[in-house]
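This report refers to the structure that appears directly beneath it.
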Amino acid sequence: MFNGRFNGPEQYRRNTMRLMKFFRTEDGSVLVLSSILLLAVIAALGLAIDVGNIRFTQRRLQSAADAAALAAALQVSNCGWQSCTSMQTAVKTAMTENGFAGATVTADCSGWGGSTGLVVVVNDPPCLQGASDPNHGNTNYVEVVASEQVPTFFASLLGRRSFVVPARAEAKRTPNPNCVYALDPTGGNAITVDVLAAITSTCGIVDESNAWNALSCNLIAAVSAPSVEVTGGTQGLLCLPSTTPRTGMPVPTPADPLSGLTKPTMPSCGVSTSSPYHGSSNPVTVLLGSATFYPDGAYCGGITIAAGANVTFMPGTYTLKSVGGLLGPQGGLSIALLSNVTGTGVTFYNYGPYGGITFLAPLVSLGGVNLSAPTSGPLACVLFYQDPGNTSQATLIGAPSWNTVLEGAYYFPDANVLYAASLPVKYNMLVAKDIEFLALTGGGSFSNDQSSIPNGCPFSGGGSVLVQ
């Protein structure tokens, strides 16, 4: 047997021969085979550890991506249909809460933005999978793709030091279940239902005032809605609500479901003095005759459509700004009786700071008003948008028998609204500081059917749900 000493070539030859003889014996063969098997077992165990670690990380990463997609979908209305800062912040927070801190969050439809470290891409609308994704290009959906490099323990011995683990999730924003909001935080009669008025709604009503008389429902008035939630209390005599208001309810989050809307850019005053109008630097009044309006420039001094006028508004956003005059500041939008007005895909942004929106529906079949909001873009579903700095009262009155259609959201966050419009529309929403429902036309009606709006309305207050 080899004695560990080396005493020259002859001794080396004899020791080598002894080793070869040993391995040719049964004991030697067993030792070689055992060594090989042991190495195989160690390699298999190492591979199993690496694979297990990768799969474990992938499951954790998928759960984090799911949570991030749900969080991102809740920010759709605040981002104007783009992967904005608040959406990326929500994604990063969700990843951190699920054990993946320090993520680099980007919006990149060309790919994952790299594979170094922890990378998360959020896109609204989804775009990375192209036409193979049924939700591709739908701004009501959000996709989140996360990837992380996972180091290996044993595969690194073979030159593979890490694997990139991916995870992908899609979520969509669910519609807001409410469509009538009174935002006044403390005032009494934030919502008033006048004598004989009747309110019918397929979506909820929210009164955020904490006053003891936040909601006032008067003699033989009626309210029918899936829910009526009041932060404060209610008062009324012989009110006939088919839906019992729930009082003491917390103010929803967000309190104002339209607060995330991006204000339109205020263009310069136009210079038009006659039809076709492309904005104006003075009040525009249409008496009798026909006129066509375009949304190119601001209408400084507002627009008044008098009886007998026949007016067409071309698609776009109309900005209304008040100006001083002999009779005081003039601005806003006024549509009088016996007028005929049409406009598809229009939004009226009433900057003010003076002048409200007054809409008196025509009382005879000689006239009619048909206005509908855009169905796409950051102001999808928004028909009237009054700047929070404009406190001028709005009056909206209409009925099907009066040839009236006002489809879209009516937003007056710091103003009182007088409302009496029972309309044949699939979608409408009213958000105002205070609301008074008049008995004219029965009171008012509201619907939350967004089936005709391809990507839904970009309003907060709803929820989110995973779709992939």
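Convention: chains lettered A, B, ... in structure tokens order; per-chain residue numbering from 1; ligands numbered from 1 as shown.
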
Residue set, range 75-261 of chain A restricted to strand (DSSP E), as a PyMOL selection string: chain A and resi 104-106+119-123+141-151+162-173+178-182+191-193+198-201+204-207+215-217+222-224+228-230+234-235

Atom-to-atom span, CA of Leu326 in chain A and CA of Gly355 in chain A, Å: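 Calculated distance between CA of Leu326 in chain A and CA of Gly355 in chain A is 14.8 Å.
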
Near-Asn98 in chain A list (10 Å; only C-alpha atoms; drop same-chain fewer than 4 positions) as a PyMOL selection string: chain A and resi 60-61+63-65+67-68+92-94

Spatial neighbours of Met266 in chain A, max dist 10 Å, only C-alpha atoms, sep filter under 3 positions, as a list in words: Lys263, Cys269, Gly297, Ala298, Tyr318, Thr319, Leu320, Lys321, Tyr349 and Tyr351 of chain A

Residues from last step as file, N, CA, C and O atoms, as a PDB file, in the first residue's frame:
ATOM      1  N   LYS A 263     -57.537  69.502 -15.430  1.00  0.00           N
ATOM      2  CA  LYS A 263     -58.182  70.696 -15.961  1.00  0.00           C
ATOM      3  C   LYS A 263     -57.727  70.947 -17.394  1.00  0.00           C
ATOM      4  O   LYS A 263     -56.531  70.822 -17.707  1.00  0.00           O
ATOM      5  N   CYS A 269     -58.214  83.915 -25.744  1.00  0.00           N
ATOM      6  CA  CYS A 269     -59.540  84.281 -26.235  1.00  0.00           C
ATOM      7  C   CYS A 269     -59.530  84.293 -27.756  1.00  0.00           C
ATOM      8  O   CYS A 269     -58.565  84.748 -28.383  1.00  0.00           O
ATOM      9  N   GLY A 297     -60.630  78.241 -29.664  1.00  0.00           N
ATOM     10  CA  GLY A 297     -60.204  79.296 -28.757  1.00  0.00           C
ATOM     11  C   GLY A 297     -61.171  79.428 -27.604  1.00  0.00           C
ATOM     12  O   GLY A 297     -62.275  78.871 -27.610  1.00  0.00           O
ATOM     13  N   ALA A 298     -60.752  80.171 -26.554  1.00  0.00           N
ATOM     14  CA  ALA A 298     -61.617  80.371 -25.397  1.00  0.00           C
ATOM     15  C   ALA A 298     -62.762  81.323 -25.756  1.00  0.00           C
ATOM     16  O   ALA A 298     -62.590  82.248 -26.554  1.00  0.00           O
ATOM     17  N   TYR A 318     -64.907  73.000 -24.847  1.00  0.00           N
ATOM     18  CA  TYR A 318     -65.190  74.435 -24.939  1.00  0.00           C
ATOM     19  C   TYR A 318     -64.845  75.097 -23.614  1.00  0.00           C
ATOM     20  O   TYR A 318     -65.379  74.720 -22.563  1.00  0.00           O
ATOM     21  N   THR A 319     -63.946  76.065 -23.652  1.00  0.00           N
ATOM     22  CA  THR A 319     -63.535  76.775 -22.444  1.00  0.00           C
ATOM     23  C   THR A 319     -64.261  78.106 -22.373  1.00  0.00           C
ATOM     24  O   THR A 319     -64.277  78.885 -23.330  1.00  0.00           O
ATOM     25  N   LEU A 320     -64.871  78.355 -21.212  1.00  0.00           N
ATOM     26  CA  LEU A 320     -65.675  79.559 -21.001  1.00  0.00           C
ATOM     27  C   LEU A 320     -65.026  80.396 -19.909  1.00  0.00           C
ATOM     28  O   LEU A 320     -64.771  79.903 -18.802  1.00  0.00           O
ATOM     29  N   LYS A 321     -64.767  81.673 -20.197  1.00  0.00           N
ATOM     30  CA  LYS A 321     -64.107  82.565 -19.250  1.00  0.00           C
ATOM     31  C   LYS A 321     -64.903  83.858 -19.149  1.00  0.00           C
ATOM     32  O   LYS A 321     -65.381  84.383 -20.155  1.00  0.00           O
ATOM     33  N   TYR A 349     -66.094  73.474 -20.265  1.00  0.00           N
ATOM     34  CA  TYR A 349     -65.293  73.778 -19.086  1.00  0.00           C
ATOM     35  C   TYR A 349     -65.525  75.244 -18.727  1.00  0.00           C
ATOM     36  O   TYR A 349     -65.077  76.151 -19.422  1.00  0.00           O
ATOM     37  N   TYR A 351     -64.589  77.983 -16.695  1.00  0.00           N
ATOM     38  CA  TYR A 351     -63.554  78.487 -15.806  1.00  0.00           C
ATOM     39  C   TYR A 351     -64.068  79.643 -14.948  1.00  0.00           C
ATOM     40  O   TYR A 351     -63.809  79.715 -13.764  1.00  0.00           O
TER      41      TYR A 351
END

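Residues in contact with Ala439 in chain A at up to 7 Å, not including ones fewer than 5 positions away on its chain and judged by only C-alpha atoms, are Asp194, Val195, Leu196, Ala197 and Ala420 of chain A.
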
Just the selected residues (N, CA, C and O atoms), exported as a compact mmCIF listing (two decimals), in the first residue's frame, please.
# COMPACT_ATOMS: atom_id res chain seq x y z
N ASP A 194 -87.47 68.71 -3.13
CA ASP A 194 -88.61 69.61 -2.92
C ASP A 194 -89.94 68.86 -2.89
O ASP A 194 -90.03 67.67 -3.25
N VAL A 195 -90.96 69.57 -2.48
CA VAL A 195 -92.31 69.02 -2.43
C VAL A 195 -92.70 68.46 -3.79
O VAL A 195 -92.52 69.11 -4.83
N LEU A 196 -93.19 67.23 -3.80
CA LEU A 196 -93.67 66.52 -4.99
C LEU A 196 -92.55 66.10 -5.95
O LEU A 196 -92.83 65.50 -6.99
N ALA A 197 -91.31 66.40 -5.63
CA ALA A 197 -90.21 65.97 -6.49
C ALA A 197 -89.96 64.48 -6.33
O ALA A 197 -90.17 63.91 -5.26
N ALA A 420 -83.71 69.50 -12.32
CA ALA A 420 -84.99 68.88 -12.62
C ALA A 420 -84.88 68.31 -14.03
O ALA A 420 -85.34 68.91 -15.00

Selected residue of minimal separation from Leu70 in chain A among A:Thr174, A:Gln393, A:Thr312, A:Ser451, counting only C-alpha atoms: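 That would be A:Thr174, the residue with the smallest distance to Leu70 in chain A.
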
Selection: 10 Å around Gly248 in chain A, only C-alpha atoms, excl. self and same-chain fewer than 3 positions, as JSON, numbers by chain: {"A": [208, 209, 210, 212, 229, 230, 231, 232, 233, 234, 245, 251]}

Output C-alpha atoms for every residue in the selection just made, as a PDB file, in the first residue's frame.
ATOM      1  CA  GLU A 208     -71.272  64.172   2.684  1.00  0.00           C
ATOM      2  CA  SER A 209     -72.529  66.915   5.012  1.00  0.00           C
ATOM      3  CA  ASN A 210     -72.243  66.158   8.724  1.00  0.00           C
ATOM      4  CA  TRP A 212     -78.147  67.150  11.458  1.00  0.00           C
ATOM      5  CA  GLU A 229     -75.746  57.375   2.307  1.00  0.00           C
ATOM      6  CA  VAL A 230     -75.677  60.468   4.529  1.00  0.00           C
ATOM      7  CA  THR A 231     -72.779  61.479   6.769  1.00  0.00           C
ATOM      8  CA  GLY A 232     -75.050  63.592   8.987  1.00  0.00           C
ATOM      9  CA  GLY A 233     -78.791  63.289   9.513  1.00  0.00           C
ATOM     10  CA  THR A 234     -82.049  63.666   7.598  1.00  0.00           C
ATOM     11  CA  PRO A 245     -81.268  56.713   3.891  1.00  0.00           C
ATOM     12  CA  VAL A 251     -67.265  60.246   3.947  1.00  0.00           C
TER      13      VAL A 251
END

Non-local contacts of Ser392 in chain A (9 Å; only C-alpha atoms; under 4 positions in same chain excluded) as a list in words: Gly332, Gly352, Pro353, Tyr354, Gly355, Gly356, Ile357, Gln386, Phe412, Asp414, Ala415 and Asn416 of chain A

Residue list (helix (DSSP H, G or I), DSSP) for range 112-214 of chain A, as a list in words: Gly130, Ala131, Ser132, Ala155, Ser156, Leu157 and Leu158 of chain A

Take the residues just selected and output them with N, CA and C atoms as an mmCIF file, in the first residue's frame.
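Final file, result_11.cif:
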data_model
loop_
_atom_site.group_PDB
_atom_site.id
_atom_site.type_symbol
_atom_site.label_atom_id
_atom_site.label_comp_id
_atom_site.auth_asym_id
_atom_site.auth_seq_id
_atom_site.Cartn_x
_atom_site.Cartn_y
_atom_site.Cartn_z
ATOM 1 N N GLY A 130 -49.217 43.094 -27.039
ATOM 2 C CA GLY A 130 -49.779 43.422 -28.342
ATOM 3 C C GLY A 130 -51.188 42.880 -28.533
ATOM 4 N N ALA A 131 -51.489 42.534 -29.788
ATOM 5 C CA ALA A 131 -52.845 42.110 -30.141
ATOM 6 C C ALA A 131 -53.254 40.798 -29.490
ATOM 7 N N SER A 132 -52.310 40.034 -28.973
ATOM 8 C CA SER A 132 -52.666 38.769 -28.321
ATOM 9 C C SER A 132 -53.376 39.010 -26.982
ATOM 10 N N ALA A 155 -25.767 26.194 -9.194
ATOM 11 C CA ALA A 155 -25.614 26.359 -10.642
ATOM 12 C C ALA A 155 -24.510 27.350 -10.974
ATOM 13 N N SER A 156 -24.157 28.193 -10.013
ATOM 14 C CA SER A 156 -23.073 29.148 -10.246
ATOM 15 C C SER A 156 -21.752 28.429 -10.479
ATOM 16 N N LEU A 157 -21.621 27.196 -9.928
ATOM 17 C CA LEU A 157 -20.409 26.416 -10.149
ATOM 18 C C LEU A 157 -20.269 26.020 -11.611
ATOM 19 N N LEU A 158 -21.410 25.995 -12.322
ATOM 20 C CA LEU A 158 -21.406 25.653 -13.737
ATOM 21 C C LEU A 158 -21.429 26.894 -14.618
#

Which of A:Ala72, A:Ala214, A:Ile220, A:Ala409 sits closest to Leu430 in chain A [using only C-alpha atoms]: A:Ala409

Separation of CA of Ile397 in chain A from CA of Ser280 in chain A, in Å and rounded to one decimal: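 Distance between the two atoms: 26.9 Å.
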
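You can rank A:Gly377, A:Ile435, A:Gly324, A:Val284 by their closest distance to Asp207 in chain A using only C-alpha atoms, and at the top of that list sits A:Ile435.
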